[in-house]
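Since the structure comes first, as structure tokens, the remarks are kept for the end.
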Amino acid sequence: MTDREKYMPGPASGAQVRKDREKWTLVLVRELRHPPAMVWQALTDPAHLSEWAPFDADRNLAAVGPVKLSTVGTPTPQVSETTVKRAEAPRLLEYSWGGSDLRWELEPLGSGTRLTLWHNIERRFISWGAAGWHICFDVLERLLAGEPIGRIVGAEAMKFGGWQRLNAEYAKQFGVETPGWPPYAPKR
């Protein structure tokens, strides 16, 4: 059994929801054992993003300006032409993806990093987003530790052991209903 086959996400944790009228923001915090410069590279370098993130980038995100982000794991390609609004290495990165704003903050924490992601997302998908990012962050941690298991996103994440449990745990924590239909049917 490979490390990827053995992978099982831990319990839902490190996430909260902020509400401003109809705007919902998912806030995820993860403490990583690796220094901010190393985490920054994983957040900005297309080769690193392709190992853990739910999208591919057509250029390095470490500079302000236009970029194309291609969502991975969808039945048809979804390409977002967007702009990196802020890139202050190795502490702050802001851009949009699929109509949502993402803000990444990296804070030194001992020899590691406290990584915080703010992702504004539709209320009905907030538990899905939390579950998906939880798995992405787990994959990111393994990548940074030199033990990559390959990205687990989209329909593949949804059929992966632990995703349904995480989705339900986050929905309960946030006090929201889990969507009753998939955005795309997972392959069986």
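As shown in the structure tokens, the chain order sets the letters A, B, ...; within each chain, residues go from 1, and ligands are also counted from 1 in the order they appear.
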- Query: In region 10-156 of chain A, what's helix (DSSP H, G or I) per DSSP? Answer as a PyMOL selection string?
  - Reply: chain A and resi 36-44+46-52+123-144+154-156
Kindly save the residues from that selection, with N, CA and C atoms included, as a short mmCIF file (atom, residue, chain, number, x, y, z; two decimals), in the first residue's frame.
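Final file, again24.cif:
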```cif
data_model
loop_
_atom_site.label_atom_id
_atom_site.label_comp_id
_atom_site.auth_asym_id
_atom_site.auth_seq_id
_atom_site.Cartn_x
_atom_site.Cartn_y
_atom_site.Cartn_z
N PRO A 36 8.90 30.14 6.37
CA PRO A 36 8.06 30.89 5.43
C PRO A 36 8.59 30.89 3.99
N ALA A 37 9.90 31.01 3.78
CA ALA A 37 10.42 31.05 2.41
C ALA A 37 10.10 29.76 1.65
N MET A 38 10.16 28.64 2.35
CA MET A 38 9.86 27.35 1.72
C MET A 38 8.36 27.23 1.42
N VAL A 39 7.53 27.68 2.35
CA VAL A 39 6.08 27.65 2.15
C VAL A 39 5.70 28.60 1.02
N TRP A 40 6.32 29.77 0.99
CA TRP A 40 6.07 30.76 -0.07
C TRP A 40 6.32 30.14 -1.45
N GLN A 41 7.41 29.43 -1.58
CA GLN A 41 7.73 28.79 -2.87
C GLN A 41 6.63 27.80 -3.25
N ALA A 42 6.13 27.04 -2.27
CA ALA A 42 5.06 26.06 -2.55
C ALA A 42 3.76 26.74 -2.96
N LEU A 43 3.52 27.98 -2.47
CA LEU A 43 2.31 28.73 -2.79
C LEU A 43 2.39 29.46 -4.13
N THR A 44 3.60 29.67 -4.65
CA THR A 44 3.77 30.53 -5.82
C THR A 44 4.35 29.84 -7.04
N PRO A 46 4.70 27.34 -9.98
CA PRO A 46 3.78 26.43 -10.68
C PRO A 46 4.12 24.95 -10.51
N ALA A 47 5.42 24.62 -10.45
CA ALA A 47 5.81 23.21 -10.29
C ALA A 47 5.37 22.68 -8.92
N HIS A 48 5.45 23.53 -7.90
CA HIS A 48 5.00 23.13 -6.56
C HIS A 48 3.48 23.09 -6.49
N LEU A 49 2.81 24.11 -7.05
CA LEU A 49 1.35 24.15 -7.03
C LEU A 49 0.75 22.89 -7.66
N SER A 50 1.39 22.40 -8.72
CA SER A 50 0.86 21.22 -9.42
C SER A 50 0.96 19.95 -8.57
N GLU A 51 1.65 20.03 -7.44
CA GLU A 51 1.78 18.88 -6.54
C GLU A 51 0.71 18.85 -5.45
N TRP A 52 0.05 20.01 -5.18
CA TRP A 52 -0.88 20.03 -4.05
C TRP A 52 -2.13 20.89 -4.26
N ARG A 123 -21.94 30.40 0.58
CA ARG A 123 -22.32 29.74 1.83
C ARG A 123 -22.59 28.25 1.63
N ARG A 124 -23.30 27.91 0.56
CA ARG A 124 -23.69 26.51 0.37
C ARG A 124 -22.49 25.61 0.08
N PHE A 125 -21.34 26.18 -0.28
CA PHE A 125 -20.15 25.36 -0.57
C PHE A 125 -19.07 25.49 0.50
N ILE A 126 -19.37 26.16 1.60
CA ILE A 126 -18.31 26.48 2.56
C ILE A 126 -17.73 25.23 3.24
N SER A 127 -18.57 24.23 3.53
CA SER A 127 -18.03 23.01 4.14
C SER A 127 -17.23 22.20 3.12
N TRP A 128 -17.66 22.23 1.85
CA TRP A 128 -16.88 21.57 0.79
C TRP A 128 -15.51 22.23 0.67
N GLY A 129 -15.51 23.56 0.67
CA GLY A 129 -14.25 24.29 0.57
C GLY A 129 -13.32 23.96 1.72
N ALA A 130 -13.86 23.92 2.93
CA ALA A 130 -13.05 23.60 4.10
C ALA A 130 -12.47 22.19 3.99
N ALA A 131 -13.29 21.23 3.59
CA ALA A 131 -12.83 19.85 3.45
C ALA A 131 -11.76 19.75 2.35
N GLY A 132 -12.00 20.42 1.23
CA GLY A 132 -11.04 20.39 0.12
C GLY A 132 -9.70 21.01 0.49
N TRP A 133 -9.74 22.21 1.10
CA TRP A 133 -8.49 22.86 1.50
C TRP A 133 -7.78 22.06 2.60
N HIS A 134 -8.54 21.43 3.50
CA HIS A 134 -7.94 20.60 4.55
C HIS A 134 -7.06 19.52 3.90
N ILE A 135 -7.62 18.83 2.89
CA ILE A 135 -6.87 17.77 2.20
C ILE A 135 -5.69 18.38 1.45
N CYS A 136 -5.89 19.52 0.76
CA CYS A 136 -4.78 20.18 0.05
C CYS A 136 -3.65 20.53 1.02
N PHE A 137 -4.00 21.04 2.20
CA PHE A 137 -2.97 21.40 3.18
C PHE A 137 -2.23 20.17 3.68
N ASP A 138 -2.94 19.05 3.86
CA ASP A 138 -2.27 17.80 4.25
C ASP A 138 -1.26 17.38 3.18
N VAL A 139 -1.68 17.46 1.91
CA VAL A 139 -0.80 17.10 0.80
C VAL A 139 0.39 18.07 0.74
N LEU A 140 0.14 19.37 0.97
CA LEU A 140 1.20 20.38 1.00
C LEU A 140 2.21 20.04 2.09
N GLU A 141 1.74 19.69 3.29
CA GLU A 141 2.66 19.34 4.38
C GLU A 141 3.57 18.19 3.99
N ARG A 142 3.01 17.17 3.36
CA ARG A 142 3.83 16.02 2.95
C ARG A 142 4.82 16.42 1.86
N LEU A 143 4.41 17.29 0.94
CA LEU A 143 5.31 17.77 -0.10
C LEU A 143 6.49 18.51 0.53
N LEU A 144 6.20 19.42 1.46
CA LEU A 144 7.26 20.19 2.12
C LEU A 144 8.21 19.30 2.91
N GLY A 154 -10.74 17.99 -6.47
CA GLY A 154 -11.91 17.81 -7.33
C GLY A 154 -12.66 16.53 -7.02
N ALA A 155 -13.15 15.88 -8.07
CA ALA A 155 -13.94 14.67 -7.92
C ALA A 155 -13.14 13.58 -7.21
N GLU A 156 -11.82 13.54 -7.44
CA GLU A 156 -10.99 12.53 -6.77
C GLU A 156 -11.01 12.73 -5.27
#
```
- Could you give me, as number ranges by chain, the residues within 7 Å of Gly65 (chain A), counting only C-alpha atoms and dropping anything in the same chain fewer than 6 positions from it? A: 83-85
For the selection just defined, write its residues with N, CA and C atoms to a file, as a PDB file, in the first residue's frame.
```
ATOM      1  N   THR A  83      -5.736  38.119 -11.678  1.00  0.00           N
ATOM      2  CA  THR A  83      -4.593  38.978 -11.396  1.00  0.00           C
ATOM      3  C   THR A  83      -4.096  38.719  -9.989  1.00  0.00           C
ATOM      4  N   VAL A  84      -2.791  38.581  -9.859  1.00  0.00           N
ATOM      5  CA  VAL A  84      -2.187  38.583  -8.535  1.00  0.00           C
ATOM      6  C   VAL A  84      -2.186  40.048  -8.101  1.00  0.00           C
ATOM      7  N   LYS A  85      -2.940  40.349  -7.014  1.00  0.00           N
ATOM      8  CA  LYS A  85      -3.087  41.737  -6.559  1.00  0.00           C
ATOM      9  C   LYS A  85      -1.965  42.161  -5.629  1.00  0.00           C
TER      10      LYS A  85
END
```
- Please return as a PyMOL selection string: the residues of region 63-126 of chain A that backbone DSSP assigns to strand (DSSP E or B). chain A and resi 65-71+78-88+92-97+100-109+112-120
- Message: I'd like the neighbourhood of Gly99 (chain A) as a PyMOL selection string, where a residue qualifies if any of its atoms comes within 9 Å (using only C-alpha atoms), though same-chain residues fewer than 2 positions away should be ignored.
- Response: chain A and resi 80+82+96-97+101+121
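Minimum distance to Glu5 (chain A) across A:Thr113, A:Val67, A:Lys172, A:Gly162 (counting only C-alpha atoms) occurs at A:Gly162.
Restricting the calculation to only C-alpha atoms, the smallest distance between Lys6 (chain A) and any of A:Ile149, A:Ala63, A:Trp104, A:Thr178 is found for A:Ile149.
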- Task: Report the distance between CA of Pro11 (chain A) and CA of Trp163 (chain A) in Å, rounded to one decimal place.
- Result: 10.4 Å
- Give the answer as one residue: which of A:Arg33, A:Arg4, A:Lys159, A:Arg114 has the shortest atom-to-atom distance to Leu92 (chain A), using only C-alpha atoms?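 When distances to Leu92 (chain A) are compared using only C-alpha atoms, the smallest one comes from A:Arg114.
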